[in-house]
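Remarks on the structure that follows.
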Amino acid sequence: MLIVYDSLTGLGKKFAESLGYPARSVDADAAGEKCVLVTRNVGLGKIPPSTADFLERNKESVVGVVVNGNKKFGPFYCKAADKINKLYGISVIRKISGSGTKEDIDFVKNYIKNPPF
Ligand SMILES: Cc1cc2nc3c(=O)[nH]c(=O)nc-3n(C[C@H](O)[C@H](O)[C@H](O)COP(=O)(O)O)c2cc1C
């Protein structure tokens, strides 16, 4: 399993790297390898363009998405996750705040080890 992250300020990168799998930026392609995507929100729950570009090229490889956000955005908290699910049919594994908690890390690791796919 590969972890692909789209991270501007480093929080998502930190979470991606804490999962214990090879992690690389969304700028590279997944090259057909199954991956978990860790991404963020821009402009009130929108999908970052860099994530959309990656998904257009690699959506078949993505087994699920983790979105990191900030609860101060209220109803738009991690909304990009729901949009990715709707647009690309990709499962939402977890919505996390910032770089996530130990529970978030354990949850996502468990999803990868015992996938419902
Ligand atoms: C312009 C802008 C809009 C954002 N909109 C949302 C949002 O709608 N919902 C949300 O949960 N977080 C939102 N965020 C927070 C980002 O998801 C947060 O900055 C991100 O978790 C940072 O991740 P990174 O350190 O991996 O880049 C927004 C941040 C920016 C800069």
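Labeling convention for the structure tokens: chains A, B, ... as they appear, residues from 1 per chain, ligands from 1 in order of appearance.
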Surroundings of ligand 1 up to 6 Å, based on only C-alpha atoms and all ligand atoms, as a list in words: Ser7, Leu8, Thr9, Gly10, Leu11, Gly12, Lys13, Arg40, Asn41, Val42, Gly43, Leu44, Gly45, Asn68, Gly69, Asn70, Lys71, Phe73, Phe76, Tyr77, Cys78, Lys79 and Gly98 of chain A
Spatial neighbours of Asp27 in chain A, 10 Å, only C-alpha atoms, chain gap at least 5 places, as number ranges by chain: A: 4-6, 50-51, 53-54
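CA of Tyr21 in chain A to CA of Ile90 in chain A spans 20.0 Å [interatomic distance, one decimal].
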Secondary structure check, alpha helix (DSSP H) residues of chain A, as a PyMOL selection string: chain A and resi 11-17+49-58+79-88+102-113
Top pick for closest residue to Val38 in chain A, considering A:Lys95, A:Lys83, A:Lys113, A:Arg57 and counting only C-alpha atoms: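 When distances to Val38 in chain A are compared using only C-alpha atoms, the smallest one comes from A:Lys95.
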Which of A:Leu19, A:Leu2, A:Ala28, A:Val92 sits closest to Asp106 in chain A [using only C-alpha atoms]: A:Leu19
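In this structure, CA of Ala81 in chain A sits 19.4 Å away from CA of Ala30 in chain A.
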Distance of CA of Leu87 in chain A from CA of Phe15 in chain A, expressed in Å to one decimal place: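 According to the coordinates, CA of Phe15 in chain A and CA of Leu87 in chain A are separated by 24.2 Å.
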Which of A:Lys72, A:Arg24, A:Arg94, A:Lys14 sits closest to Asn110 in chain A [using only C-alpha atoms]: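 Nearest candidate to Asn110 in chain A out of A:Lys72, A:Arg24, A:Arg94, A:Lys14: A:Arg94.
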Nearest residue to Ala31 in chain A from the set A:Val108, A:Ala52, A:Ile84, A:Met1 (distances using only C-alpha atoms):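 Under the stated criterion, the closest residue is A:Met1.
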Strand (DSSP E or B) residues, from DSSP on the backbone, in chain A, as number ranges by chain: A: 2-5, 23-25, 35-39, 42, 46, 62-69, 92-97
Taking N, CA, C and O atoms for each residue, export the selection above as an mmCIF file, in the first residue's frame.
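The resulting file, part-v2.cif, is reproduced below:
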```cif
data_model
loop_
_atom_site.group_PDB
_atom_site.id
_atom_site.type_symbol
_atom_site.label_atom_id
_atom_site.label_comp_id
_atom_site.auth_asym_id
_atom_site.auth_seq_id
_atom_site.Cartn_x
_atom_site.Cartn_y
_atom_site.Cartn_z
ATOM 1 N N LEU A 2 0.414 2.219 -0.738
ATOM 2 C CA LEU A 2 1.115 3.495 -0.831
ATOM 3 C C LEU A 2 0.202 4.557 -0.193
ATOM 4 O O LEU A 2 -1.017 4.448 -0.270
ATOM 5 N N ILE A 3 0.805 5.555 0.444
ATOM 6 C CA ILE A 3 0.034 6.690 0.949
ATOM 7 C C ILE A 3 0.407 7.898 0.097
ATOM 8 O O ILE A 3 1.595 8.233 -0.023
ATOM 9 N N VAL A 4 -0.594 8.515 -0.506
ATOM 10 C CA VAL A 4 -0.355 9.701 -1.332
ATOM 11 C C VAL A 4 -0.981 10.895 -0.614
ATOM 12 O O VAL A 4 -2.140 10.833 -0.206
ATOM 13 N N TYR A 5 -0.202 11.946 -0.443
ATOM 14 C CA TYR A 5 -0.724 13.105 0.300
ATOM 15 C C TYR A 5 -0.696 14.368 -0.548
ATOM 16 O O TYR A 5 0.172 14.558 -1.397
ATOM 17 N N ALA A 23 5.198 6.858 1.658
ATOM 18 C CA ALA A 23 4.332 8.018 1.416
ATOM 19 C C ALA A 23 4.971 8.916 0.374
ATOM 20 O O ALA A 23 6.184 9.123 0.382
ATOM 21 N N ARG A 24 4.121 9.412 -0.521
ATOM 22 C CA ARG A 24 4.659 10.350 -1.519
ATOM 23 C C ARG A 24 3.622 11.400 -1.879
ATOM 24 O O ARG A 24 2.422 11.215 -1.644
ATOM 25 N N SER A 25 4.105 12.492 -2.426
ATOM 26 C CA SER A 25 3.240 13.623 -2.742
ATOM 27 C C SER A 25 2.303 13.309 -3.912
ATOM 28 O O SER A 25 2.604 12.478 -4.775
ATOM 29 N N CYS A 35 -3.481 2.807 -3.341
ATOM 30 C CA CYS A 35 -3.059 3.854 -2.411
ATOM 31 C C CYS A 35 -4.229 4.408 -1.606
ATOM 32 O O CYS A 35 -5.392 4.302 -1.992
ATOM 33 N N VAL A 36 -3.860 4.973 -0.451
ATOM 34 C CA VAL A 36 -4.781 5.777 0.357
ATOM 35 C C VAL A 36 -4.391 7.225 0.103
ATOM 36 O O VAL A 36 -3.210 7.574 0.152
ATOM 37 N N LEU A 37 -5.381 8.055 -0.175
ATOM 38 C CA LEU A 37 -5.128 9.472 -0.429
ATOM 39 C C LEU A 37 -5.422 10.281 0.833
ATOM 40 O O LEU A 37 -6.486 10.122 1.442
ATOM 41 N N VAL A 38 -4.470 11.108 1.235
ATOM 42 C CA VAL A 38 -4.666 12.030 2.366
ATOM 43 C C VAL A 38 -4.683 13.431 1.777
ATOM 44 O O VAL A 38 -3.682 13.883 1.214
ATOM 45 N N THR A 39 -5.825 14.109 1.881
ATOM 46 C CA THR A 39 -5.888 15.442 1.284
ATOM 47 C C THR A 39 -6.587 16.427 2.213
ATOM 48 O O THR A 39 -6.846 16.128 3.385
ATOM 49 N N VAL A 42 -9.936 23.323 0.281
ATOM 50 C CA VAL A 42 -9.657 24.728 -0.051
ATOM 51 C C VAL A 42 -11.002 25.417 -0.283
ATOM 52 O O VAL A 42 -11.957 24.774 -0.707
ATOM 53 N N LYS A 46 -13.930 22.804 -0.745
ATOM 54 C CA LYS A 46 -13.637 22.410 -2.137
ATOM 55 C C LYS A 46 -12.453 21.444 -2.188
ATOM 56 O O LYS A 46 -11.584 21.451 -1.300
ATOM 57 N N VAL A 62 -7.092 4.372 -5.995
ATOM 58 C CA VAL A 62 -7.321 4.909 -4.647
ATOM 59 C C VAL A 62 -8.365 4.071 -3.901
ATOM 60 O O VAL A 62 -9.514 3.977 -4.322
ATOM 61 N N VAL A 63 -7.952 3.467 -2.780
ATOM 62 C CA VAL A 63 -8.866 2.592 -2.034
ATOM 63 C C VAL A 63 -9.694 3.371 -1.006
ATOM 64 O O VAL A 63 -10.672 2.855 -0.474
ATOM 65 N N GLY A 64 -9.297 4.586 -0.707
ATOM 66 C CA GLY A 64 -10.058 5.400 0.236
ATOM 67 C C GLY A 64 -9.350 6.715 0.463
ATOM 68 O O GLY A 64 -8.171 6.870 0.136
ATOM 69 N N VAL A 65 -10.109 7.669 1.037
ATOM 70 C CA VAL A 65 -9.538 8.998 1.250
ATOM 71 C C VAL A 65 -9.672 9.421 2.712
ATOM 72 O O VAL A 65 -10.666 9.119 3.375
ATOM 73 N N VAL A 66 -8.620 10.093 3.183
ATOM 74 C CA VAL A 66 -8.643 10.766 4.490
ATOM 75 C C VAL A 66 -8.550 12.250 4.192
ATOM 76 O O VAL A 66 -7.700 12.662 3.396
ATOM 77 N N VAL A 67 -9.445 13.040 4.788
ATOM 78 C CA VAL A 67 -9.361 14.497 4.585
ATOM 79 C C VAL A 67 -9.047 15.161 5.915
ATOM 80 O O VAL A 67 -9.660 14.837 6.933
ATOM 81 N N ASN A 68 -8.073 16.065 5.902
ATOM 82 C CA ASN A 68 -7.802 16.835 7.112
ATOM 83 C C ASN A 68 -8.336 18.245 6.944
ATOM 84 O O ASN A 68 -8.262 18.848 5.880
ATOM 85 N N GLY A 69 -8.952 18.716 8.028
ATOM 86 C CA GLY A 69 -9.566 20.035 7.980
ATOM 87 C C GLY A 69 -9.518 20.694 9.333
ATOM 88 O O GLY A 69 -8.746 20.310 10.209
ATOM 89 N N VAL A 92 -14.813 7.323 1.981
ATOM 90 C CA VAL A 92 -14.213 8.214 2.977
ATOM 91 C C VAL A 92 -13.775 7.344 4.158
ATOM 92 O O VAL A 92 -14.617 6.721 4.819
ATOM 93 N N ILE A 93 -12.483 7.265 4.394
ATOM 94 C CA ILE A 93 -11.987 6.453 5.514
ATOM 95 C C ILE A 93 -12.154 7.228 6.819
ATOM 96 O O ILE A 93 -12.642 6.706 7.813
ATOM 97 N N ARG A 94 -11.767 8.497 6.821
ATOM 98 C CA ARG A 94 -11.747 9.272 8.064
ATOM 99 C C ARG A 94 -11.619 10.754 7.761
ATOM 100 O O ARG A 94 -10.934 11.145 6.813
ATOM 101 N N LYS A 95 -12.304 11.548 8.560
ATOM 102 C CA LYS A 95 -12.103 13.005 8.537
ATOM 103 C C LYS A 95 -11.300 13.340 9.785
ATOM 104 O O LYS A 95 -11.683 12.917 10.882
ATOM 105 N N ILE A 96 -10.216 14.078 9.623
ATOM 106 C CA ILE A 96 -9.357 14.362 10.768
ATOM 107 C C ILE A 96 -9.102 15.860 10.894
ATOM 108 O O ILE A 96 -9.231 16.615 9.928
ATOM 109 N N SER A 97 -8.748 16.282 12.106
ATOM 110 C CA SER A 97 -8.375 17.676 12.339
ATOM 111 C C SER A 97 -6.857 17.791 12.322
ATOM 112 O O SER A 97 -6.173 17.027 13.036
#
```
Best match for closeness to Glu33 in chain A among A:Pro116, A:Glu60, A:Ser91, A:Glu103, counting only C-alpha atoms: A:Glu60
